[in-house]
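Coordinates from upload.cif are shown below (mmCIF, N, CA and C atoms and all ligand atoms).
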data_run
loop_
_atom_site.label_atom_id
_atom_site.label_comp_id
_atom_site.auth_asym_id
_atom_site.auth_seq_id
_atom_site.Cartn_x
_atom_site.Cartn_y
_atom_site.Cartn_z
N MET A 1 88.58 58.65 73.74
CA MET A 1 89.90 59.26 73.47
C MET A 1 89.84 60.10 72.19
N ILE A 2 90.41 61.26 72.26
CA ILE A 2 90.50 62.06 71.06
C ILE A 2 91.96 62.38 70.78
N ASP A 3 92.25 62.65 69.53
CA ASP A 3 93.62 62.98 69.11
C ASP A 3 93.49 64.13 68.13
N ARG A 4 93.71 65.32 68.64
CA ARG A 4 93.55 66.51 67.79
C ARG A 4 94.81 67.35 67.86
N LYS A 5 94.98 68.14 66.82
CA LYS A 5 96.15 69.02 66.76
C LYS A 5 95.76 70.44 67.16
N TYR A 6 96.67 71.08 67.89
CA TYR A 6 96.42 72.44 68.35
C TYR A 6 97.62 73.32 68.08
N LYS A 7 97.34 74.58 67.88
CA LYS A 7 98.41 75.58 67.78
C LYS A 7 98.41 76.40 69.06
N LEU A 8 99.55 76.41 69.73
CA LEU A 8 99.70 77.15 70.98
C LEU A 8 100.59 78.36 70.73
N LYS A 9 100.19 79.48 71.30
CA LYS A 9 101.02 80.69 71.19
C LYS A 9 101.43 81.15 72.58
N PHE A 10 102.72 81.41 72.73
CA PHE A 10 103.29 81.80 74.01
C PHE A 10 103.71 83.28 73.97
N THR A 11 103.72 83.85 75.16
CA THR A 11 104.26 85.20 75.31
C THR A 11 105.49 85.12 76.21
N ASP A 12 106.12 86.25 76.44
CA ASP A 12 107.31 86.21 77.29
C ASP A 12 106.99 85.82 78.73
N SER A 13 105.71 85.95 79.12
CA SER A 13 105.35 85.62 80.50
C SER A 13 105.11 84.13 80.73
N ASN A 14 104.84 83.39 79.67
CA ASN A 14 104.56 81.96 79.88
C ASN A 14 105.42 81.03 79.03
N VAL A 15 106.41 81.61 78.34
CA VAL A 15 107.21 80.79 77.43
C VAL A 15 108.05 79.74 78.16
N HIS A 16 108.29 79.96 79.44
CA HIS A 16 109.12 79.00 80.18
C HIS A 16 108.30 77.89 80.84
N ASP A 17 106.97 77.95 80.71
CA ASP A 17 106.16 76.87 81.25
C ASP A 17 106.33 75.61 80.38
N SER A 18 106.53 74.50 81.00
CA SER A 18 106.72 73.25 80.26
C SER A 18 105.35 72.62 79.98
N VAL A 19 104.86 72.89 78.78
CA VAL A 19 103.53 72.43 78.41
C VAL A 19 103.45 70.90 78.43
N SER A 20 104.46 70.25 77.89
CA SER A 20 104.42 68.79 77.84
C SER A 20 104.32 68.22 79.25
N TYR A 21 105.11 68.75 80.15
CA TYR A 21 105.09 68.26 81.53
C TYR A 21 103.71 68.50 82.17
N ILE A 22 103.16 69.67 81.94
CA ILE A 22 101.84 70.00 82.49
C ILE A 22 100.78 69.03 81.97
N LEU A 23 100.82 68.78 80.66
CA LEU A 23 99.79 67.92 80.06
C LEU A 23 99.86 66.50 80.61
N VAL A 24 101.10 66.01 80.76
CA VAL A 24 101.26 64.63 81.24
C VAL A 24 100.93 64.54 82.73
N SER A 25 101.53 65.41 83.53
CA SER A 25 101.43 65.25 84.98
C SER A 25 100.08 65.71 85.54
N LYS A 26 99.52 66.77 84.96
CA LYS A 26 98.26 67.29 85.51
C LYS A 26 97.02 66.68 84.88
N PHE A 27 97.14 66.30 83.61
CA PHE A 27 95.93 65.91 82.87
C PHE A 27 96.00 64.52 82.23
N ASN A 28 97.09 63.84 82.42
CA ASN A 28 97.23 62.49 81.86
C ASN A 28 97.00 62.48 80.34
N ILE A 29 97.52 63.50 79.70
CA ILE A 29 97.40 63.62 78.25
C ILE A 29 98.76 63.34 77.62
N LYS A 30 98.72 62.60 76.50
CA LYS A 30 99.97 62.34 75.78
C LYS A 30 100.16 63.43 74.73
N PRO A 31 101.18 64.28 74.91
CA PRO A 31 101.42 65.31 73.90
C PRO A 31 102.40 64.81 72.84
N ASN A 32 102.22 65.30 71.64
CA ASN A 32 103.16 64.98 70.55
C ASN A 32 103.47 66.29 69.84
N VAL A 33 104.66 66.80 70.08
CA VAL A 33 105.02 68.10 69.51
C VAL A 33 105.47 67.93 68.07
N HIS A 34 104.77 68.57 67.15
CA HIS A 34 105.09 68.47 65.72
C HIS A 34 106.05 69.57 65.29
N GLN A 35 105.91 70.71 65.91
CA GLN A 35 106.74 71.86 65.49
C GLN A 35 106.78 72.86 66.64
N ALA A 36 107.93 73.46 66.88
CA ALA A 36 108.02 74.48 67.92
C ALA A 36 108.99 75.57 67.47
N ARG A 37 108.52 76.78 67.51
CA ARG A 37 109.38 77.94 67.22
C ARG A 37 109.26 78.88 68.39
N ILE A 38 110.18 78.76 69.32
CA ILE A 38 110.06 79.48 70.59
C ILE A 38 111.41 80.08 70.95
N ASP A 39 111.37 81.32 71.42
CA ASP A 39 112.57 81.91 72.02
C ASP A 39 112.14 82.61 73.31
N GLY A 40 113.01 83.38 73.89
CA GLY A 40 112.73 83.98 75.19
C GLY A 40 111.56 84.94 75.21
N SER A 41 111.16 85.43 74.03
CA SER A 41 110.08 86.41 73.99
C SER A 41 108.73 85.79 73.66
N GLY A 42 108.71 84.50 73.37
CA GLY A 42 107.45 83.84 73.04
C GLY A 42 107.63 82.91 71.86
N GLY A 43 106.51 82.54 71.26
CA GLY A 43 106.61 81.67 70.10
C GLY A 43 105.38 80.82 69.91
N ARG A 44 105.52 79.83 69.05
CA ARG A 44 104.39 78.98 68.71
C ARG A 44 104.79 77.52 68.74
N MET A 45 103.81 76.70 69.03
CA MET A 45 104.04 75.26 69.05
C MET A 45 102.81 74.58 68.44
N ILE A 46 103.07 73.56 67.65
CA ILE A 46 101.96 72.74 67.15
C ILE A 46 102.10 71.37 67.78
N LEU A 47 101.07 70.96 68.46
CA LEU A 47 101.15 69.66 69.10
C LEU A 47 99.81 68.95 69.08
N SER A 48 99.89 67.63 69.15
CA SER A 48 98.68 66.82 69.30
C SER A 48 98.49 66.49 70.76
N MET A 49 97.24 66.41 71.16
CA MET A 49 96.93 65.97 72.52
C MET A 49 96.07 64.73 72.41
N VAL A 50 96.53 63.66 73.04
CA VAL A 50 95.76 62.42 73.04
C VAL A 50 95.31 62.17 74.47
N GLY A 51 94.00 62.12 74.65
CA GLY A 51 93.46 61.90 75.98
C GLY A 51 91.94 61.90 75.92
N SER A 52 91.32 61.79 77.07
CA SER A 52 89.86 61.79 77.10
C SER A 52 89.35 63.20 76.77
N ASP A 53 88.12 63.27 76.30
CA ASP A 53 87.53 64.57 75.97
C ASP A 53 87.61 65.53 77.15
N SER A 54 87.24 65.02 78.32
CA SER A 54 87.19 65.90 79.49
C SER A 54 88.59 66.37 79.89
N ALA A 55 89.58 65.47 79.75
CA ALA A 55 90.96 65.85 80.10
C ALA A 55 91.49 66.92 79.14
N VAL A 56 91.21 66.73 77.86
CA VAL A 56 91.69 67.72 76.87
C VAL A 56 91.00 69.06 77.09
N ASP A 57 89.70 69.01 77.36
CA ASP A 57 88.97 70.26 77.63
C ASP A 57 89.55 70.98 78.84
N ALA A 58 89.83 70.21 79.90
CA ALA A 58 90.38 70.80 81.12
C ALA A 58 91.78 71.35 80.88
N ALA A 59 92.56 70.65 80.09
CA ALA A 59 93.93 71.10 79.80
C ALA A 59 93.90 72.41 79.01
N ILE A 60 92.99 72.48 78.03
CA ILE A 60 92.89 73.71 77.23
C ILE A 60 92.48 74.88 78.12
N GLU A 61 91.53 74.61 78.99
CA GLU A 61 91.09 75.67 79.90
C GLU A 61 92.25 76.14 80.79
N TYR A 62 93.03 75.19 81.26
CA TYR A 62 94.16 75.54 82.11
C TYR A 62 95.20 76.36 81.32
N LEU A 63 95.53 75.90 80.13
CA LEU A 63 96.54 76.61 79.32
C LEU A 63 96.08 78.05 79.04
N ARG A 64 94.81 78.18 78.74
CA ARG A 64 94.28 79.53 78.47
C ARG A 64 94.31 80.39 79.74
N SER A 65 94.16 79.74 80.90
CA SER A 65 94.17 80.50 82.16
C SER A 65 95.55 81.08 82.46
N ILE A 66 96.58 80.47 81.85
CA ILE A 66 97.93 81.04 82.04
C ILE A 66 98.37 81.78 80.76
N ASP A 67 97.34 82.22 80.03
CA ASP A 67 97.54 83.09 78.87
C ASP A 67 98.27 82.45 77.70
N ILE A 68 98.20 81.14 77.61
CA ILE A 68 98.69 80.48 76.40
C ILE A 68 97.51 80.35 75.45
N SER A 69 97.65 80.91 74.28
CA SER A 69 96.57 80.84 73.29
C SER A 69 96.51 79.42 72.72
N VAL A 70 95.33 78.85 72.64
CA VAL A 70 95.16 77.49 72.14
C VAL A 70 94.13 77.52 71.03
N GLU A 71 94.53 77.05 69.86
CA GLU A 71 93.60 77.06 68.72
C GLU A 71 93.59 75.68 68.08
N LEU A 72 92.40 75.13 67.93
CA LEU A 72 92.26 73.83 67.27
C LEU A 72 92.65 73.97 65.80
N MET A 73 93.51 73.07 65.34
CA MET A 73 93.93 73.14 63.94
C MET A 73 93.02 72.26 63.10
N GLU A 74 92.03 72.87 62.52
CA GLU A 74 91.11 72.16 61.65
C GLU A 74 90.98 72.94 60.37
N ASN A 75 91.09 72.25 59.28
CA ASN A 75 90.94 72.89 57.97
C ASN A 75 91.90 74.05 57.79
N PHE A 76 93.12 73.91 58.33
CA PHE A 76 94.10 74.97 58.12
C PHE A 76 94.53 75.02 56.65
N VAL A 77 94.63 73.84 56.06
CA VAL A 77 95.00 73.80 54.65
C VAL A 77 93.76 73.45 53.83
N LYS A 78 93.64 74.12 52.70
CA LYS A 78 92.51 73.82 51.81
C LYS A 78 93.04 73.71 50.39
N ARG A 79 92.42 72.88 49.62
CA ARG A 79 92.81 72.75 48.22
C ARG A 79 91.59 72.92 47.35
N ASP A 80 91.75 73.70 46.33
CA ASP A 80 90.69 73.85 45.33
C ASP A 80 90.87 72.72 44.32
N ASP A 81 90.06 71.70 44.45
CA ASP A 81 90.23 70.52 43.60
C ASP A 81 90.04 70.83 42.11
N ARG A 82 89.35 71.92 41.81
CA ARG A 82 89.18 72.28 40.39
C ARG A 82 90.50 72.76 39.79
N ARG A 83 91.36 73.27 40.65
CA ARG A 83 92.65 73.76 40.16
C ARG A 83 93.73 72.68 40.15
N CYS A 84 93.55 71.67 40.99
CA CYS A 84 94.60 70.65 41.12
C CYS A 84 94.72 69.83 39.85
N ILE A 85 95.95 69.67 39.37
CA ILE A 85 96.18 68.88 38.16
C ILE A 85 96.92 67.58 38.49
N ASP A 86 96.95 67.24 39.78
CA ASP A 86 97.56 65.98 40.24
C ASP A 86 99.01 65.83 39.77
N CYS A 87 99.72 66.94 39.80
CA CYS A 87 101.11 66.89 39.34
C CYS A 87 102.04 66.23 40.36
N GLY A 88 101.65 66.26 41.62
CA GLY A 88 102.45 65.59 42.65
C GLY A 88 103.54 66.45 43.28
N SER A 89 103.68 67.69 42.87
CA SER A 89 104.74 68.54 43.41
C SER A 89 104.64 68.73 44.92
N CYS A 90 103.43 68.69 45.42
CA CYS A 90 103.23 68.92 46.85
C CYS A 90 103.65 67.73 47.70
N ILE A 91 103.69 66.55 47.11
CA ILE A 91 103.92 65.34 47.90
C ILE A 91 105.27 65.36 48.59
N SER A 92 106.31 65.68 47.86
CA SER A 92 107.66 65.56 48.42
C SER A 92 108.01 66.69 49.39
N VAL A 93 107.32 67.82 49.30
CA VAL A 93 107.69 68.95 50.18
C VAL A 93 106.97 68.91 51.53
N CYS A 94 105.97 68.08 51.65
CA CYS A 94 105.18 68.08 52.88
C CYS A 94 105.86 67.24 53.96
N PRO A 95 106.21 67.86 55.09
CA PRO A 95 106.93 67.13 56.13
C PRO A 95 106.09 66.11 56.88
N THR A 96 104.77 66.21 56.75
CA THR A 96 103.91 65.29 57.51
C THR A 96 103.19 64.29 56.59
N PHE A 97 103.61 64.24 55.33
CA PHE A 97 103.03 63.29 54.38
C PHE A 97 101.50 63.44 54.27
N ALA A 98 101.06 64.68 54.24
CA ALA A 98 99.63 64.94 54.12
C ALA A 98 99.11 64.64 52.72
N PHE A 99 100.01 64.66 51.74
CA PHE A 99 99.60 64.35 50.36
C PHE A 99 100.03 62.94 50.01
N GLU A 100 99.18 62.28 49.27
CA GLU A 100 99.50 60.91 48.88
C GLU A 100 98.93 60.62 47.50
N LEU A 101 99.71 59.92 46.70
CA LEU A 101 99.23 59.56 45.37
C LEU A 101 98.40 58.28 45.44
N ASN A 102 97.18 58.36 44.95
CA ASN A 102 96.35 57.17 44.84
C ASN A 102 96.78 56.45 43.57
N LYS A 103 97.41 55.30 43.72
CA LYS A 103 97.99 54.64 42.56
C LYS A 103 96.96 53.98 41.66
N LYS A 104 95.72 53.93 42.11
CA LYS A 104 94.68 53.38 41.23
C LYS A 104 94.10 54.46 40.33
N THR A 105 93.89 55.65 40.93
CA THR A 105 93.24 56.72 40.17
C THR A 105 94.25 57.77 39.68
N TRP A 106 95.50 57.71 40.21
CA TRP A 106 96.55 58.70 39.92
C TRP A 106 96.14 60.11 40.35
N GLU A 107 95.28 60.14 41.36
CA GLU A 107 94.92 61.43 41.94
C GLU A 107 95.77 61.66 43.19
N VAL A 108 96.10 62.90 43.45
CA VAL A 108 96.83 63.25 44.68
C VAL A 108 95.80 63.57 45.76
N MET A 109 95.84 62.77 46.82
CA MET A 109 94.89 62.93 47.92
C MET A 109 95.51 63.82 49.00
N LEU A 110 94.67 64.55 49.69
CA LEU A 110 95.13 65.41 50.78
C LEU A 110 94.41 65.04 52.07
N ASP A 111 95.17 64.72 53.10
CA ASP A 111 94.60 64.47 54.42
C ASP A 111 94.85 65.72 55.27
N THR A 112 93.82 66.55 55.38
CA THR A 112 94.01 67.83 56.07
C THR A 112 94.35 67.66 57.55
N ASN A 113 94.00 66.51 58.11
CA ASN A 113 94.31 66.28 59.53
C ASN A 113 95.80 66.18 59.80
N LYS A 114 96.57 65.88 58.77
CA LYS A 114 98.02 65.73 58.97
C LYS A 114 98.77 67.06 58.86
N CYS A 115 98.09 68.08 58.41
CA CYS A 115 98.76 69.36 58.14
C CYS A 115 99.20 70.05 59.43
N ILE A 116 100.45 70.55 59.43
CA ILE A 116 100.92 71.33 60.57
C ILE A 116 101.12 72.80 60.15
N SER A 117 100.53 73.16 59.04
CA SER A 117 100.49 74.55 58.64
C SER A 117 101.88 75.15 58.39
N CYS A 118 102.77 74.36 57.77
CA CYS A 118 104.14 74.86 57.55
C CYS A 118 104.23 75.77 56.33
N GLY A 119 103.32 75.60 55.37
CA GLY A 119 103.30 76.46 54.19
C GLY A 119 104.13 75.99 53.02
N SER A 120 104.85 74.88 53.16
CA SER A 120 105.75 74.45 52.09
C SER A 120 105.03 74.13 50.79
N CYS A 121 103.83 73.62 50.88
CA CYS A 121 103.14 73.20 49.65
C CYS A 121 102.63 74.39 48.84
N LEU A 122 102.50 75.55 49.47
CA LEU A 122 101.93 76.70 48.74
C LEU A 122 102.80 77.07 47.55
N SER A 123 104.09 77.19 47.80
CA SER A 123 104.98 77.60 46.71
C SER A 123 105.27 76.45 45.76
N ALA A 124 105.06 75.22 46.21
CA ALA A 124 105.34 74.06 45.34
C ALA A 124 104.24 73.84 44.31
N CYS A 125 103.06 74.36 44.58
CA CYS A 125 101.91 74.07 43.71
C CYS A 125 101.90 75.02 42.50
N PRO A 126 102.01 74.49 41.30
CA PRO A 126 102.08 75.35 40.11
C PRO A 126 100.77 76.04 39.75
N THR A 127 99.67 75.53 40.28
CA THR A 127 98.36 76.10 39.91
C THR A 127 97.74 76.91 41.04
N HIS A 128 98.49 77.08 42.12
CA HIS A 128 97.99 77.83 43.29
C HIS A 128 96.67 77.26 43.79
N ALA A 129 96.62 75.94 43.83
CA ALA A 129 95.39 75.28 44.27
C ALA A 129 95.26 75.24 45.78
N ILE A 130 96.37 75.48 46.48
CA ILE A 130 96.37 75.30 47.93
C ILE A 130 96.36 76.66 48.64
N THR A 131 95.54 76.75 49.65
CA THR A 131 95.54 77.94 50.50
C THR A 131 95.66 77.52 51.95
N LEU A 132 96.18 78.42 52.74
CA LEU A 132 96.43 78.13 54.14
C LEU A 132 95.82 79.23 54.98
N LYS A 133 95.12 78.80 56.03
CA LYS A 133 94.59 79.78 56.96
C LYS A 133 95.79 80.34 57.75
N MET A 134 95.95 81.62 57.69
CA MET A 134 97.11 82.22 58.32
C MET A 134 96.88 82.44 59.81
N ASN A 135 97.95 82.66 60.53
CA ASN A 135 97.85 82.89 61.97
C ASN A 135 97.16 84.20 62.24
N PRO A 136 96.25 84.21 63.23
CA PRO A 136 95.58 85.45 63.53
C PRO A 136 96.56 86.44 64.16
S1 LIG B 1 101.10 73.37 54.85
FE1 LIG B 1 102.90 72.02 55.23
S2 LIG B 1 102.11 70.37 56.50
FE2 LIG B 1 100.33 71.39 55.62
S3 LIG B 1 99.86 70.20 53.77
FE3 LIG B 1 101.22 71.90 53.14
S4 LIG B 1 103.31 71.07 53.22
FE4 LIG B 1 101.98 69.67 54.37
S1 LIG B 2 101.12 70.64 43.68
FE1 LIG B 2 99.06 71.56 43.41
S2 LIG B 2 98.40 70.86 41.38
FE2 LIG B 2 100.11 69.54 42.02
S3 LIG B 2 99.11 67.77 43.01
FE3 LIG B 2 99.61 69.23 44.63
S4 LIG B 2 97.74 70.46 44.87
FE4 LIG B 2 97.57 69.42 42.91
#
What is this structure when it is put down as structure tokens?
Ligand code: SF4
Ligand code: SF4
Amino acid sequence: MIDRKYKLKFTDSNVHDSVSYILVSKFNIKPNVHQARIDGSGGRMILSMVGSDSAVDAAIEYLRSIDISVELMENFVKRDDRRCIDCGSCISVCPTFAFELNKKTWEVMLDTNKCISCGSCLSACPTHAITLKMNP
């Protein structure tokens, strides 16, 4: 079983396809939608897919066949640890709790796997330690 996050991009031709229904009924994948910005002309969705490797691979292939762009979200957020001063400003603005204070070392830890690429931490960071891979 794998549990990975993906960014899906829709166009006006496929925006009405129910991705969650397709994933569950056709591929036995459990989707978890983290964020969706969609209107009649298209949009984007960030979701996790939990399922077997082969099922997720097949689902991605299917989604791409109906022109839904699928991009694995890995290392979307990066932090330059040399710039980080562990001020904690990023902790409260992150909707997915990707930042956490280590109470033993007083360092702010970042779990990049939790990032949904919202961008909130960029402006919160006083030292500009955080960068985000932008949408292509
Ligand atoms: S971009 Fe958003 S989700 Fe990702 S770490 Fe920053 S605040 Fe959290
Ligand atoms: S806001 Fe920037 S400097 Fe402060 S803890 Fe977060 S990454 Fe480090």
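Note that the spacing between CA of His34 (chain A) and CA of Leu72 (chain A) amounts to 14.0 Å.
Residue nearest ligand LIG 2 (chain B) within the list A:Arg44, A:Lys26, A:Arg79, A:Lys5: A:Arg79 [criterion: smallest interatomic distance, all atoms listed in the file].
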Within 8 Å of ligand LIG 1 (chain B) (all atoms listed in the file), residues as a PyMOL selection string = chain A and resi 76-78+90-99+110-112+114-122+130-132
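Based on only C-alpha atoms and all ligand atoms, the protein and nucleic acid residues found within 8 Å of ligand LIG 2 (chain B) are, by chain and then by number, Arg79, Asp80, Asp81, Arg83, Cys84, Ile85, Asp86, Cys87, Gly88, Ser89, Cys90, Ile91, Phe99, Glu107, Val108, Cys121, Leu122, Ala124, Cys125, Pro126, Thr127, His128, Ala129 and Ile130 of chain A.
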In Å and to one decimal, atom N of Asp3 (chain A) is distant from CA of Glu74 (chain A) by 12.4 Å
For the alpha helix (DSSP H) assignment from backbone DSSP, which residues of region 9-127 of chain A qualify? Please present them as a PDB file with N, CA and C atoms, in the frame of the given file.
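Listing of result-v3.pdb after writing:
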ATOM      1  N   VAL A  19     104.860  72.890  78.780  1.00  0.00           N
ATOM      2  CA  VAL A  19     103.530  72.430  78.410  1.00  0.00           C
ATOM      3  C   VAL A  19     103.450  70.900  78.430  1.00  0.00           C
ATOM      4  N   SER A  20     104.460  70.250  77.890  1.00  0.00           N
ATOM      5  CA  SER A  20     104.420  68.790  77.840  1.00  0.00           C
ATOM      6  C   SER A  20     104.320  68.220  79.250  1.00  0.00           C
ATOM      7  N   TYR A  21     105.110  68.750  80.150  1.00  0.00           N
ATOM      8  CA  TYR A  21     105.090  68.260  81.530  1.00  0.00           C
ATOM      9  C   TYR A  21     103.710  68.500  82.170  1.00  0.00           C
ATOM     10  N   ILE A  22     103.160  69.670  81.940  1.00  0.00           N
ATOM     11  CA  ILE A  22     101.840  70.000  82.490  1.00  0.00           C
ATOM     12  C   ILE A  22     100.780  69.030  81.970  1.00  0.00           C
ATOM     13  N   LEU A  23     100.820  68.780  80.660  1.00  0.00           N
ATOM     14  CA  LEU A  23      99.790  67.920  80.060  1.00  0.00           C
ATOM     15  C   LEU A  23      99.860  66.500  80.610  1.00  0.00           C
ATOM     16  N   VAL A  24     101.100  66.010  80.760  1.00  0.00           N
ATOM     17  CA  VAL A  24     101.260  64.630  81.240  1.00  0.00           C
ATOM     18  C   VAL A  24     100.930  64.540  82.730  1.00  0.00           C
ATOM     19  N   SER A  25     101.530  65.410  83.530  1.00  0.00           N
ATOM     20  CA  SER A  25     101.430  65.250  84.980  1.00  0.00           C
ATOM     21  C   SER A  25     100.080  65.710  85.540  1.00  0.00           C
ATOM     22  N   LYS A  26      99.520  66.770  84.960  1.00  0.00           N
ATOM     23  CA  LYS A  26      98.260  67.290  85.510  1.00  0.00           C
ATOM     24  C   LYS A  26      97.020  66.680  84.880  1.00  0.00           C
ATOM     25  N   PHE A  27      97.140  66.300  83.610  1.00  0.00           N
ATOM     26  CA  PHE A  27      95.930  65.910  82.870  1.00  0.00           C
ATOM     27  C   PHE A  27      96.000  64.520  82.230  1.00  0.00           C
ATOM     28  N   ASP A  53      88.120  63.270  76.300  1.00  0.00           N
ATOM     29  CA  ASP A  53      87.530  64.570  75.970  1.00  0.00           C
ATOM     30  C   ASP A  53      87.610  65.530  77.150  1.00  0.00           C
ATOM     31  N   SER A  54      87.240  65.020  78.320  1.00  0.00           N
ATOM     32  CA  SER A  54      87.190  65.900  79.490  1.00  0.00           C
ATOM     33  C   SER A  54      88.590  66.370  79.890  1.00  0.00           C
ATOM     34  N   ALA A  55      89.580  65.470  79.750  1.00  0.00           N
ATOM     35  CA  ALA A  55      90.960  65.850  80.100  1.00  0.00           C
ATOM     36  C   ALA A  55      91.490  66.920  79.140  1.00  0.00           C
ATOM     37  N   VAL A  56      91.210  66.730  77.860  1.00  0.00           N
ATOM     38  CA  VAL A  56      91.690  67.720  76.870  1.00  0.00           C
ATOM     39  C   VAL A  56      91.000  69.060  77.090  1.00  0.00           C
ATOM     40  N   ASP A  57      89.700  69.010  77.360  1.00  0.00           N
ATOM     41  CA  ASP A  57      88.970  70.260  77.630  1.00  0.00           C
ATOM     42  C   ASP A  57      89.550  70.980  78.840  1.00  0.00           C
ATOM     43  N   ALA A  58      89.830  70.210  79.900  1.00  0.00           N
ATOM     44  CA  ALA A  58      90.380  70.800  81.120  1.00  0.00           C
ATOM     45  C   ALA A  58      91.780  71.350  80.880  1.00  0.00           C
ATOM     46  N   ALA A  59      92.560  70.650  80.090  1.00  0.00           N
ATOM     47  CA  ALA A  59      93.930  71.100  79.800  1.00  0.00           C
ATOM     48  C   ALA A  59      93.900  72.410  79.010  1.00  0.00           C
ATOM     49  N   ILE A  60      92.990  72.480  78.030  1.00  0.00           N
ATOM     50  CA  ILE A  60      92.890  73.710  77.230  1.00  0.00           C
ATOM     51  C   ILE A  60      92.480  74.880  78.120  1.00  0.00           C
ATOM     52  N   GLU A  61      91.530  74.610  78.990  1.00  0.00           N
ATOM     53  CA  GLU A  61      91.090  75.670  79.900  1.00  0.00           C
ATOM     54  C   GLU A  61      92.250  76.140  80.790  1.00  0.00           C
ATOM     55  N   TYR A  62      93.030  75.190  81.260  1.00  0.00           N
ATOM     56  CA  TYR A  62      94.160  75.540  82.110  1.00  0.00           C
ATOM     57  C   TYR A  62      95.200  76.360  81.320  1.00  0.00           C
ATOM     58  N   LEU A  63      95.530  75.900  80.130  1.00  0.00           N
ATOM     59  CA  LEU A  63      96.540  76.610  79.320  1.00  0.00           C
ATOM     60  C   LEU A  63      96.080  78.050  79.040  1.00  0.00           C
ATOM     61  N   ARG A  64      94.810  78.180  78.740  1.00  0.00           N
ATOM     62  CA  ARG A  64      94.280  79.530  78.470  1.00  0.00           C
ATOM     63  C   ARG A  64      94.310  80.390  79.740  1.00  0.00           C
ATOM     64  N   SER A  65      94.160  79.740  80.900  1.00  0.00           N
ATOM     65  CA  SER A  65      94.170  80.500  82.160  1.00  0.00           C
ATOM     66  C   SER A  65      95.550  81.080  82.460  1.00  0.00           C
ATOM     67  N   SER A  89     103.680  67.690  42.870  1.00  0.00           N
ATOM     68  CA  SER A  89     104.740  68.540  43.410  1.00  0.00           C
ATOM     69  C   SER A  89     104.640  68.730  44.920  1.00  0.00           C
ATOM     70  N   CYS A  90     103.430  68.690  45.420  1.00  0.00           N
ATOM     71  CA  CYS A  90     103.230  68.920  46.850  1.00  0.00           C
ATOM     72  C   CYS A  90     103.650  67.730  47.700  1.00  0.00           C
ATOM     73  N   ILE A  91     103.690  66.550  47.110  1.00  0.00           N
ATOM     74  CA  ILE A  91     103.920  65.340  47.900  1.00  0.00           C
ATOM     75  C   ILE A  91     105.270  65.360  48.590  1.00  0.00           C
ATOM     76  N   SER A  92     106.310  65.680  47.860  1.00  0.00           N
ATOM     77  CA  SER A  92     107.660  65.560  48.420  1.00  0.00           C
ATOM     78  C   SER A  92     108.010  66.690  49.390  1.00  0.00           C
ATOM     79  N   VAL A  93     107.320  67.820  49.300  1.00  0.00           N
ATOM     80  CA  VAL A  93     107.690  68.950  50.180  1.00  0.00           C
ATOM     81  C   VAL A  93     106.970  68.910  51.530  1.00  0.00           C
ATOM     82  N   SER A 120     104.850  74.880  53.160  1.00  0.00           N
ATOM     83  CA  SER A 120     105.750  74.450  52.090  1.00  0.00           C
ATOM     84  C   SER A 120     105.030  74.130  50.790  1.00  0.00           C
ATOM     85  N   CYS A 121     103.830  73.620  50.880  1.00  0.00           N
ATOM     86  CA  CYS A 121     103.140  73.200  49.650  1.00  0.00           C
ATOM     87  C   CYS A 121     102.630  74.390  48.840  1.00  0.00           C
ATOM     88  N   LEU A 122     102.500  75.550  49.470  1.00  0.00           N
ATOM     89  CA  LEU A 122     101.930  76.700  48.740  1.00  0.00           C
ATOM     90  C   LEU A 122     102.800  77.070  47.550  1.00  0.00           C
ATOM     91  N   SER A 123     104.090  77.190  47.800  1.00  0.00           N
ATOM     92  CA  SER A 123     104.980  77.600  46.710  1.00  0.00           C
ATOM     93  C   SER A 123     105.270  76.450  45.760  1.00  0.00           C
ATOM     94  N   ALA A 124     105.060  75.220  46.210  1.00  0.00           N
ATOM     95  CA  ALA A 124     105.340  74.060  45.340  1.00  0.00           C
ATOM     96  C   ALA A 124     104.240  73.840  44.310  1.00  0.00           C
TER      97      ALA A 124
END
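Atom C of Leu8 (chain A) lies 7.7 Å from atom C of Ile46 (chain A).
Shell of Glu71 (chain A) at 5 Å, with all atoms listed in the file counted and residues fewer than 2 places along the chain excluded, is Tyr6, Lys7, Ser69 and Met73 of chain A.
Comparing the minimum interatomic distances between Gln35 (chain A) and each of A:Leu23, A:Ser48, A:Asn14, A:Ile66, counting only C-alpha atoms, we find that A:Ser48 sits nearest.
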Could you tell me, as a PyMOL selection string, which residues have any atom at most 6 Å from (95.4, 63.1, 74.0), counting only N, CA and C atoms?
-> chain A and resi 2-3+29-31+48-52
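Residues lying within 8 Å of Ile38 (chain A), counting all atoms listed in the file and ignoring same-chain neighbours fewer than 6 positions away, are Phe10, Val15, Arg44 and Met45 of chain A.
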Chain A: which residues are strand (DSSP E) by DSSP, as a ChimeraX atom specification?
-> /A:2-11,30-39,42-51,69-72,77-79,99-102,107-110,130-132
A:Asp67, A:His16, A:Arg82, A:Lys103: which is nearest Gly40 (chain A), counting all atoms listed in the file?
-> A:His16
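Minimum distance to Tyr62 (chain A) across A:Gly43, A:Ser20, A:Asp12, A:Phe27 (counting only C-alpha atoms) occurs at A:Phe27.
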